[in-house]
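One file, target30.cif, is given below (mmCIF, C-alpha atoms).
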```cif
data_input
#
loop_
_atom_site.group_PDB
_atom_site.id
_atom_site.type_symbol
_atom_site.label_atom_id
_atom_site.label_comp_id
_atom_site.auth_asym_id
_atom_site.auth_seq_id
_atom_site.Cartn_x
_atom_site.Cartn_y
_atom_site.Cartn_z
ATOM 1 C CA ASP A 201 104.088 -273.692 -80.286
ATOM 2 C CA THR A 202 100.424 -273.631 -79.348
ATOM 3 C CA GLY A 203 99.459 -270.510 -81.307
ATOM 4 C CA VAL A 204 97.408 -270.255 -84.492
ATOM 5 C CA SER A 205 99.291 -271.777 -87.405
ATOM 6 C CA GLN A 206 98.750 -270.929 -91.075
ATOM 7 C CA ASN A 207 100.190 -272.571 -94.163
ATOM 8 C CA PRO A 208 101.677 -271.696 -96.500
ATOM 9 C CA ARG A 209 103.262 -268.415 -95.393
ATOM 10 C CA HIS A 210 103.545 -267.210 -98.979
ATOM 11 C CA LYS A 211 101.821 -268.261 -102.176
ATOM 12 C CA ILE A 212 102.466 -266.944 -105.654
ATOM 13 C CA THR A 213 100.053 -268.096 -108.308
ATOM 14 C CA LYS A 214 99.032 -267.210 -111.815
ATOM 15 C CA ARG A 215 95.670 -265.651 -112.505
ATOM 16 C CA GLY A 216 93.024 -268.279 -113.048
ATOM 17 C CA GLN A 217 94.600 -270.910 -110.817
ATOM 18 C CA ASN A 218 93.012 -272.290 -107.653
ATOM 19 C CA VAL A 219 94.694 -271.945 -104.272
ATOM 20 C CA THR A 220 93.968 -273.408 -100.852
ATOM 21 C CA PHE A 221 95.168 -272.161 -97.485
ATOM 22 C CA ARG A 222 95.100 -273.986 -94.176
ATOM 23 C CA CYS A 223 94.611 -272.699 -90.636
ATOM 24 C CA ASP A 224 95.158 -274.669 -87.442
ATOM 25 C CA PRO A 225 93.612 -272.760 -84.541
ATOM 26 C CA ILE A 226 94.549 -272.994 -80.891
ATOM 27 C CA SER A 227 93.290 -276.424 -79.932
ATOM 28 C CA GLU A 228 90.745 -275.446 -77.287
ATOM 29 C CA HIS A 229 89.265 -272.599 -79.351
ATOM 30 C CA ASN A 230 85.933 -273.381 -80.978
ATOM 31 C CA ARG A 231 85.574 -270.068 -82.833
ATOM 32 C CA LEU A 232 87.532 -269.498 -86.036
ATOM 33 C CA TYR A 233 87.620 -266.424 -88.268
ATOM 34 C CA TRP A 234 89.098 -265.592 -91.652
ATOM 35 C CA TYR A 235 90.117 -262.026 -92.440
ATOM 36 C CA ARG A 236 91.769 -260.448 -95.474
ATOM 37 C CA GLN A 237 94.184 -257.535 -95.280
ATOM 38 C CA THR A 238 95.582 -255.428 -98.107
ATOM 39 C CA LEU A 239 98.452 -252.978 -97.804
ATOM 40 C CA GLY A 240 97.608 -249.927 -95.734
ATOM 41 C CA GLN A 241 94.208 -251.270 -94.699
ATOM 42 C CA GLY A 242 92.917 -252.978 -91.610
ATOM 43 C CA PRO A 243 91.820 -256.617 -91.713
ATOM 44 C CA GLU A 244 88.408 -257.179 -93.332
ATOM 45 C CA PHE A 245 86.098 -259.885 -92.015
ATOM 46 C CA LEU A 246 85.456 -262.759 -94.426
ATOM 47 C CA THR A 247 83.818 -265.579 -92.523
ATOM 48 C CA TYR A 248 83.260 -267.161 -89.113
ATOM 49 C CA PHE A 249 82.947 -270.722 -87.838
ATOM 50 C CA GLN A 250 81.696 -271.973 -84.533
ATOM 51 C CA ASN A 251 82.939 -275.513 -84.295
ATOM 52 C CA GLU A 252 82.273 -277.001 -87.754
ATOM 53 C CA ALA A 253 79.388 -274.682 -88.631
ATOM 54 C CA GLN A 254 80.018 -271.712 -90.895
ATOM 55 C CA LEU A 255 77.671 -269.183 -89.338
ATOM 56 C CA GLU A 256 78.534 -265.918 -91.019
ATOM 57 C CA LYS A 257 79.917 -264.879 -94.394
ATOM 58 C CA SER A 258 80.827 -261.402 -95.563
ATOM 59 C CA ARG A 259 79.618 -260.014 -98.859
ATOM 60 C CA LEU A 260 83.333 -259.822 -99.681
ATOM 61 C CA LEU A 261 83.297 -263.601 -99.975
ATOM 62 C CA SER A 262 82.352 -264.109 -103.600
ATOM 63 C CA ASP A 263 81.298 -267.424 -105.123
ATOM 64 C CA ARG A 264 84.934 -268.115 -105.948
ATOM 65 C CA PHE A 265 85.743 -268.334 -102.255
ATOM 66 C CA SER A 266 84.850 -271.287 -100.079
ATOM 67 C CA ALA A 267 85.821 -272.085 -96.520
ATOM 68 C CA GLU A 268 85.435 -275.284 -94.568
ATOM 69 C CA ARG A 269 86.073 -276.570 -91.098
ATOM 70 C CA PRO A 270 85.060 -280.194 -91.449
ATOM 71 C CA LYS A 271 85.800 -281.524 -87.979
ATOM 72 C CA GLY A 272 85.661 -278.305 -86.031
ATOM 73 C CA SER A 273 89.438 -278.178 -85.815
ATOM 74 C CA PHE A 274 91.527 -276.929 -88.757
ATOM 75 C CA SER A 275 89.992 -274.820 -91.521
ATOM 76 C CA THR A 276 90.719 -274.356 -95.211
ATOM 77 C CA LEU A 277 90.053 -271.367 -97.425
ATOM 78 C CA GLU A 278 89.972 -272.035 -101.160
ATOM 79 C CA ILE A 279 89.965 -269.415 -103.879
ATOM 80 C CA GLN A 280 89.023 -270.613 -107.332
ATOM 81 C CA ARG A 281 89.999 -268.865 -110.570
ATOM 82 C CA THR A 282 92.167 -266.367 -108.761
ATOM 83 C CA GLU A 283 92.221 -262.745 -109.885
ATOM 84 C CA GLN A 284 94.860 -260.097 -109.316
ATOM 85 C CA GLY A 285 92.498 -258.355 -106.904
ATOM 86 C CA ASP A 286 92.706 -261.394 -104.644
ATOM 87 C CA SER A 287 96.304 -260.524 -103.797
ATOM 88 C CA ALA A 288 96.326 -259.870 -100.055
ATOM 89 C CA MET A 289 97.305 -261.255 -96.684
ATOM 90 C CA TYR A 290 94.783 -263.839 -95.514
ATOM 91 C CA LEU A 291 94.627 -263.971 -91.733
ATOM 92 C CA CYS A 292 93.073 -266.667 -89.613
ATOM 93 C CA ALA A 293 92.128 -266.071 -85.982
ATOM 94 C CA SER A 294 90.597 -268.153 -83.249
ATOM 95 C CA SER A 295 89.002 -267.505 -79.903
ATOM 96 C CA ALA A 296 87.329 -269.377 -77.111
ATOM 97 C CA GLN A 297 83.592 -269.083 -76.719
ATOM 98 C CA GLN A 298 82.665 -266.663 -73.974
ATOM 99 C CA GLY A 299 80.818 -268.043 -71.024
ATOM 100 C CA LEU A 300 78.345 -266.103 -68.941
ATOM 101 C CA GLY A 301 80.058 -263.616 -66.692
ATOM 102 C CA THR A 302 83.459 -264.026 -68.324
ATOM 103 C CA ALA A 303 85.540 -261.292 -69.882
ATOM 104 C CA TYR A 304 85.789 -260.948 -73.630
ATOM 105 C CA SER A 305 87.904 -263.639 -75.216
ATOM 106 C CA PRO A 306 90.372 -261.938 -77.559
ATOM 107 C CA LEU A 307 91.185 -263.121 -81.048
ATOM 108 C CA HIS A 308 94.519 -264.800 -81.563
ATOM 109 C CA PHE A 309 95.794 -264.313 -85.082
ATOM 110 C CA GLY A 310 98.062 -266.539 -87.097
ATOM 111 C CA ASN A 311 100.997 -265.189 -89.096
ATOM 112 C CA GLY A 312 98.864 -265.100 -92.218
ATOM 113 C CA THR A 313 99.241 -266.377 -95.764
ATOM 114 C CA ARG A 314 100.431 -263.759 -98.229
ATOM 115 C CA LEU A 315 98.915 -264.390 -101.656
ATOM 116 C CA THR A 316 100.295 -262.818 -104.806
ATOM 117 C CA VAL A 317 98.377 -263.343 -108.023
ATOM 118 C CA THR A 318 100.375 -262.543 -111.151
ATOM 119 C CA ARG B 50 81.083 -244.313 -94.885
ATOM 120 C CA LYS B 51 83.410 -246.855 -93.291
ATOM 121 C CA GLU B 52 82.221 -248.476 -90.071
ATOM 122 C CA VAL B 53 85.475 -247.650 -88.290
ATOM 123 C CA GLU B 54 87.678 -244.746 -89.355
ATOM 124 C CA GLN B 55 91.169 -243.776 -88.305
ATOM 125 C CA ASP B 56 93.719 -241.170 -89.312
ATOM 126 C CA PRO B 57 96.303 -243.264 -91.180
ATOM 127 C CA GLY B 58 99.199 -241.045 -90.041
ATOM 128 C CA PRO B 59 102.073 -241.469 -89.821
ATOM 129 C CA PHE B 60 102.459 -239.759 -86.477
ATOM 130 C CA ASN B 61 106.152 -238.951 -86.112
ATOM 131 C CA VAL B 62 106.883 -238.856 -82.390
ATOM 132 C CA PRO B 63 110.121 -237.947 -80.640
ATOM 133 C CA GLU B 64 111.235 -240.577 -78.169
ATOM 134 C CA GLY B 65 109.847 -239.739 -74.738
ATOM 135 C CA ALA B 66 106.989 -237.620 -76.052
ATOM 136 C CA THR B 67 103.256 -238.229 -75.740
ATOM 137 C CA VAL B 68 101.086 -239.079 -78.715
ATOM 138 C CA ALA B 69 97.331 -239.466 -78.912
ATOM 139 C CA PHE B 70 94.950 -240.349 -81.692
ATOM 140 C CA ASN B 71 91.290 -241.137 -82.134
ATOM 141 C CA CYS B 72 89.078 -243.548 -83.959
ATOM 142 C CA THR B 73 85.435 -242.966 -84.884
ATOM 143 C CA TYR B 74 82.792 -245.635 -85.396
ATOM 144 C CA SER B 75 79.492 -245.277 -87.184
ATOM 145 C CA ASN B 76 77.301 -247.979 -85.693
ATOM 146 C CA SER B 77 75.790 -247.046 -82.345
ATOM 147 C CA ALA B 78 75.121 -250.758 -81.777
ATOM 148 C CA SER B 79 78.847 -251.368 -81.353
ATOM 149 C CA GLN B 80 79.292 -253.151 -78.099
ATOM 150 C CA SER B 81 82.947 -253.632 -77.299
ATOM 151 C CA PHE B 82 86.041 -251.704 -78.225
ATOM 152 C CA PHE B 83 89.715 -252.585 -78.456
ATOM 153 C CA TRP B 84 93.062 -251.406 -79.631
ATOM 154 C CA TYR B 85 95.221 -253.914 -81.479
ATOM 155 C CA ARG B 86 98.835 -253.369 -82.422
ATOM 156 C CA GLN B 87 100.309 -254.583 -85.700
ATOM 157 C CA ASP B 88 104.000 -254.541 -86.484
ATOM 158 C CA CYS B 89 105.171 -254.423 -90.076
ATOM 159 C CA ARG B 90 104.350 -257.675 -91.885
ATOM 160 C CA LYS B 91 103.150 -259.295 -88.660
ATOM 161 C CA GLU B 92 99.749 -260.329 -87.388
ATOM 162 C CA PRO B 93 97.597 -258.008 -85.213
ATOM 163 C CA LYS B 94 97.867 -258.504 -81.455
ATOM 164 C CA LEU B 95 95.535 -257.272 -78.743
ATOM 165 C CA LEU B 96 96.966 -254.213 -77.011
ATOM 166 C CA MET B 97 94.098 -253.388 -74.678
ATOM 167 C CA SER B 98 90.372 -253.365 -74.258
ATOM 168 C CA VAL B 99 88.581 -250.032 -73.938
ATOM 169 C CA TYR B 100 86.125 -249.672 -71.090
ATOM 170 C CA SER B 101 83.394 -247.076 -70.685
ATOM 171 C CA SER B 102 85.133 -245.520 -67.706
ATOM 172 C CA GLY B 103 88.460 -245.338 -69.512
ATOM 173 C CA ASN B 104 91.406 -247.491 -68.611
ATOM 174 C CA GLU B 105 95.136 -247.434 -68.309
ATOM 175 C CA ASP B 106 97.772 -250.073 -68.923
ATOM 176 C CA GLY B 107 101.197 -248.761 -68.087
ATOM 177 C CA ARG B 108 102.016 -245.979 -70.522
ATOM 178 C CA PHE B 109 98.852 -246.558 -72.535
ATOM 179 C CA THR B 110 95.498 -244.909 -71.800
ATOM 180 C CA ALA B 111 92.302 -245.658 -73.673
ATOM 181 C CA GLN B 112 89.078 -243.666 -73.560
ATOM 182 C CA LEU B 113 85.607 -244.279 -74.938
ATOM 183 C CA ASN B 114 83.090 -241.571 -75.779
ATOM 184 C CA ARG B 115 79.818 -243.266 -76.683
ATOM 185 C CA ALA B 116 77.929 -240.008 -77.211
ATOM 186 C CA SER B 117 80.330 -238.868 -79.916
ATOM 187 C CA GLN B 118 81.138 -242.424 -81.012
ATOM 188 C CA TYR B 119 84.879 -242.353 -80.785
ATOM 189 C CA ILE B 120 87.658 -244.024 -78.848
ATOM 190 C CA SER B 121 91.133 -242.722 -78.220
ATOM 191 C CA LEU B 122 94.563 -244.065 -77.399
ATOM 192 C CA LEU B 123 97.269 -242.071 -75.656
ATOM 193 C CA ILE B 124 100.856 -243.255 -75.359
ATOM 194 C CA ARG B 125 103.079 -241.548 -72.778
ATOM 195 C CA ASP B 126 106.859 -241.556 -72.700
ATOM 196 C CA SER B 127 107.044 -243.091 -76.186
ATOM 197 C CA LYS B 128 109.650 -245.779 -76.779
ATOM 198 C CA LEU B 129 111.247 -246.731 -80.067
ATOM 199 C CA SER B 130 109.529 -250.084 -79.693
ATOM 200 C CA ASP B 131 106.116 -248.383 -79.771
ATOM 201 C CA SER B 132 106.567 -247.840 -83.516
ATOM 202 C CA ALA B 133 103.752 -249.817 -85.085
ATOM 203 C CA THR B 134 100.302 -249.518 -86.611
ATOM 204 C CA TYR B 135 97.536 -249.223 -84.047
ATOM 205 C CA LEU B 136 94.242 -250.734 -85.138
ATOM 206 C CA CYS B 137 90.971 -249.568 -83.648
ATOM 207 C CA VAL B 138 88.527 -252.440 -83.319
ATOM 208 C CA VAL B 139 84.825 -252.498 -82.520
ATOM 209 C CA THR B 140 82.523 -255.461 -82.222
ATOM 210 C CA LEU B 141 79.283 -255.552 -84.132
ATOM 211 C CA PRO B 142 76.582 -258.166 -83.864
ATOM 212 C CA MET B 143 76.733 -260.730 -86.611
ATOM 213 C CA ILE B 144 73.777 -260.643 -88.974
ATOM 214 C CA LYS B 145 72.897 -264.310 -88.943
ATOM 215 C CA ALA B 146 74.857 -265.862 -86.141
ATOM 216 C CA ALA B 147 74.909 -265.317 -82.423
ATOM 217 C CA GLY B 148 77.978 -263.466 -81.295
ATOM 218 C CA ASN B 149 79.961 -260.497 -82.459
ATOM 219 C CA LYS B 150 82.496 -259.941 -85.180
ATOM 220 C CA LEU B 151 85.479 -257.672 -84.853
ATOM 221 C CA THR B 152 85.524 -254.791 -87.321
ATOM 222 C CA PHE B 153 88.878 -253.121 -87.806
ATOM 223 C CA GLY B 154 89.770 -249.585 -88.708
ATOM 224 C CA GLY B 155 92.457 -248.939 -91.279
ATOM 225 C CA GLY B 156 95.058 -248.329 -88.601
ATOM 226 C CA THR B 157 97.136 -245.369 -87.443
ATOM 227 C CA ARG B 158 100.847 -245.630 -88.076
ATOM 228 C CA VAL B 159 103.118 -244.345 -85.319
ATOM 229 C CA LEU B 160 106.845 -243.805 -85.830
ATOM 230 C CA VAL B 161 108.887 -243.059 -82.719
ATOM 231 C CA LYS B 162 112.235 -241.498 -83.532
ATOM 232 C CA PRO B 163 115.315 -240.949 -81.379
#
```

This entry written out as structure tokens:
Amino acid sequence: DTGVSQNPRHKITKRGQNVTFRCDPISEHNRLYWYRQTLGQGPEFLTYFQNEAQLEKSRLLSDRFSAERPKGSFSTLEIQRTEQGDSAMYLCASSAQQGLGTAYSPLHFGNGTRLTVT
Amino acid sequence: RKEVEQDPGPFNVPEGATVAFNCTYSNSASQSFFWYRQDCRKEPKLLMSVYSSGNEDGRFTAQLNRASQYISLLIRDSKLSDSATYLCVVTLPMIKAAGNKLTFGGGTRVLVKP
């Protein structure tokens, strides 16, 4: 399977604990995105990497959230001191960088990590 | 005001009927437009891009109206398998980085019934 892979699929944690999620993008994609989706809402942008550089962060990404992509391949999203409001589906997506004259390169989403904070 | 707004539905559609729904966006700087489909508890998947001249892909037709800042999706001859949430997506320039980020609407739920 050469799609975007996310682990774990589900995570249940107690409030105050730290959690870390992993995303393995499609291997030739240099752009990686994290989104968060709650029930009945569309995905909300969290952050964006181009290769190993984190170039954009949403205001939704509080100080408790940190994302890395150390070698420009897989990425991790860590949430410290989790709160019940962090319960959501965390989606990772990747895309290839557009070249001049090429069509838009769509985002390929992983299956997501569903976080439940009790 | 949300950047991308959609009627959440659900739109209950008899099998074989036509259904259409719109999405409005607030930022006139939006550059590209898409419809994504999301099945229950699954990840979003690209359904189709939306071009200025309008475009068709089989039973699906997408239109863009830049003056009124909305896009539409029409589904003809609805199938049971069309039941899903349809997410309107626009790209906005990133604030600090080169490139665009996809901004999603809340989705319109469509239920096709026999």

| task | Could you state which residues are captured by the PyMOL selection byres ((chain A) within 10 of (chain B)) in this file, as an NGL selection string? | result | :A and (233 or 235 or 237-245 or 247-250 or 254-258 or 289 or 291-293 or 297-298 or 304 or 306-312 or 314)

| task | Tell me, in Å to one decimal, how far CA of Asp224 in chain A is from CA of Ala296 in chain A. | result | 14.0 Å

| request: For CA of Ser205 in chain A and CA of Leu261 in chain A, quote the distance in Å rounded to one decimal. | output: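 Computing the Euclidean distance for CA of Ser205 in chain A and CA of Leu261 in chain A yields 21.9 Å.
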
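CA of Cys72 in chain B lies 10.3 Å from CA of Asn114 in chain B.
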
| message | I'd like to see the residues matched by the PyMOL selection byres ((chain B and resi 130) around 12) on this file, and ideally I'd get them as a ChimeraX atom specification. | response | /B:62,64-65,86-88,124,126-129,131-134,159-163

Care to translate the PyMOL selection byres ((chain A and resi 279) around 12) into actual residues of this file, as a short mmCIF file (atom, residue, chain, number, x, y, z; two decimals) with C-alpha atoms, in the frame of the given file?
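Result file result.cif:
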```cif
data_model
loop_
_atom_site.label_atom_id
_atom_site.label_comp_id
_atom_site.auth_asym_id
_atom_site.auth_seq_id
_atom_site.Cartn_x
_atom_site.Cartn_y
_atom_site.Cartn_z
CA THR A 213 100.05 -268.10 -108.31
CA ARG A 215 95.67 -265.65 -112.50
CA GLY A 216 93.02 -268.28 -113.05
CA GLN A 217 94.60 -270.91 -110.82
CA ASN A 218 93.01 -272.29 -107.65
CA VAL A 219 94.69 -271.94 -104.27
CA THR A 220 93.97 -273.41 -100.85
CA PHE A 221 95.17 -272.16 -97.48
CA ARG A 222 95.10 -273.99 -94.18
CA LEU A 261 83.30 -263.60 -99.98
CA SER A 262 82.35 -264.11 -103.60
CA ASP A 263 81.30 -267.42 -105.12
CA ARG A 264 84.93 -268.12 -105.95
CA PHE A 265 85.74 -268.33 -102.26
CA SER A 266 84.85 -271.29 -100.08
CA ALA A 267 85.82 -272.08 -96.52
CA GLU A 268 85.44 -275.28 -94.57
CA THR A 276 90.72 -274.36 -95.21
CA LEU A 277 90.05 -271.37 -97.42
CA GLU A 278 89.97 -272.04 -101.16
CA GLN A 280 89.02 -270.61 -107.33
CA ARG A 281 90.00 -268.86 -110.57
CA THR A 282 92.17 -266.37 -108.76
CA GLU A 283 92.22 -262.74 -109.88
CA GLN A 284 94.86 -260.10 -109.32
CA GLY A 285 92.50 -258.36 -106.90
CA ASP A 286 92.71 -261.39 -104.64
CA SER A 287 96.30 -260.52 -103.80
CA TYR A 290 94.78 -263.84 -95.51
CA LEU A 315 98.92 -264.39 -101.66
CA VAL A 317 98.38 -263.34 -108.02
#
```

With all atoms of range 237-252 of chain A from the file as input, state the centre and edge lengths in Å to one decimal of the axis-aligned box that has 6 Å extra on each side, as lines of an AutoDock Vina configuration file.
```
center_x = 90.1
center_y = -263.5
center_z = -91.2
size_x = 28.8
size_y = 39.1
size_z = 25.8
```

| task | Name the residues, using the chain letters and numbers of the file, that sit within 7 Å of (96.6, -272.0, -80.7) when counting only C-alpha atoms, and give them as a list in words. | result |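 Returned residue set, sorted by chain then number, is Thr202, Gly203, Val204, Pro225, Ile226 and Ser227 of chain A.
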
Export C-alpha atoms of the chosen residues as a compact mmCIF listing (two decimals), in the frame of the given file?
```
# COMPACT_ATOMS: atom_id res chain seq x y z
CA THR A 202 100.42 -273.63 -79.35
CA GLY A 203 99.46 -270.51 -81.31
CA VAL A 204 97.41 -270.26 -84.49
CA PRO A 225 93.61 -272.76 -84.54
CA ILE A 226 94.55 -272.99 -80.89
CA SER A 227 93.29 -276.42 -79.93
```

| said: Please determine, counting all atoms listed in the file, which residue among B:Arg125, B:Ala111, B:Glu52, B:Asn104 has the shortest atom-to-atom distance to Tyr85 in chain B. | reply: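 Nearest candidate to Tyr85 in chain B out of B:Arg125, B:Ala111, B:Glu52, B:Asn104: B:Ala111.
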
Select all residues near (83.6, -248.3, -80.7) (cut-off 9 Å, inclusive, file coordinates), counting all atoms listed in the file, and output them as a PDB file with C-alpha atoms, in the coordinates of the input.
```pdb
ATOM      1  CA  VAL B  53      85.475-247.650 -88.290  1.00  0.00           C
ATOM      2  CA  CYS B  72      89.078-243.548 -83.959  1.00  0.00           C
ATOM      3  CA  THR B  73      85.435-242.966 -84.884  1.00  0.00           C
ATOM      4  CA  TYR B  74      82.792-245.635 -85.396  1.00  0.00           C
ATOM      5  CA  SER B  75      79.492-245.277 -87.184  1.00  0.00           C
ATOM      6  CA  ASN B  76      77.301-247.979 -85.693  1.00  0.00           C
ATOM      7  CA  SER B  77      75.790-247.046 -82.345  1.00  0.00           C
ATOM      8  CA  ALA B  78      75.121-250.758 -81.777  1.00  0.00           C
ATOM      9  CA  SER B  79      78.847-251.368 -81.353  1.00  0.00           C
ATOM     10  CA  GLN B  80      79.292-253.151 -78.099  1.00  0.00           C
ATOM     11  CA  SER B  81      82.947-253.632 -77.299  1.00  0.00           C
ATOM     12  CA  PHE B  82      86.041-251.704 -78.225  1.00  0.00           C
ATOM     13  CA  PHE B  83      89.715-252.585 -78.456  1.00  0.00           C
ATOM     14  CA  VAL B  99      88.581-250.032 -73.938  1.00  0.00           C
ATOM     15  CA  LEU B 113      85.607-244.279 -74.938  1.00  0.00           C
ATOM     16  CA  ASN B 114      83.090-241.571 -75.779  1.00  0.00           C
ATOM     17  CA  ARG B 115      79.818-243.266 -76.683  1.00  0.00           C
ATOM     18  CA  GLN B 118      81.138-242.424 -81.012  1.00  0.00           C
ATOM     19  CA  TYR B 119      84.879-242.353 -80.785  1.00  0.00           C
ATOM     20  CA  ILE B 120      87.658-244.024 -78.848  1.00  0.00           C
ATOM     21  CA  CYS B 137      90.971-249.568 -83.648  1.00  0.00           C
ATOM     22  CA  VAL B 138      88.527-252.440 -83.319  1.00  0.00           C
ATOM     23  CA  VAL B 139      84.825-252.498 -82.520  1.00  0.00           C
ATOM     24  CA  THR B 140      82.523-255.461 -82.222  1.00  0.00           C
TER      25      THR B 140
END
```

| Test item: residues at most 9 Å from Leu122 in chain B, all atoms listed in the file, excluding those fewer than 6 positions along its chain, as a list in words |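 These residues fall inside the cut-off: Val68, Ala69, Phe70, Asn71, Cys72, Trp84, Phe109, Thr110, Ala111, Gln112 and Tyr135 of chain B.
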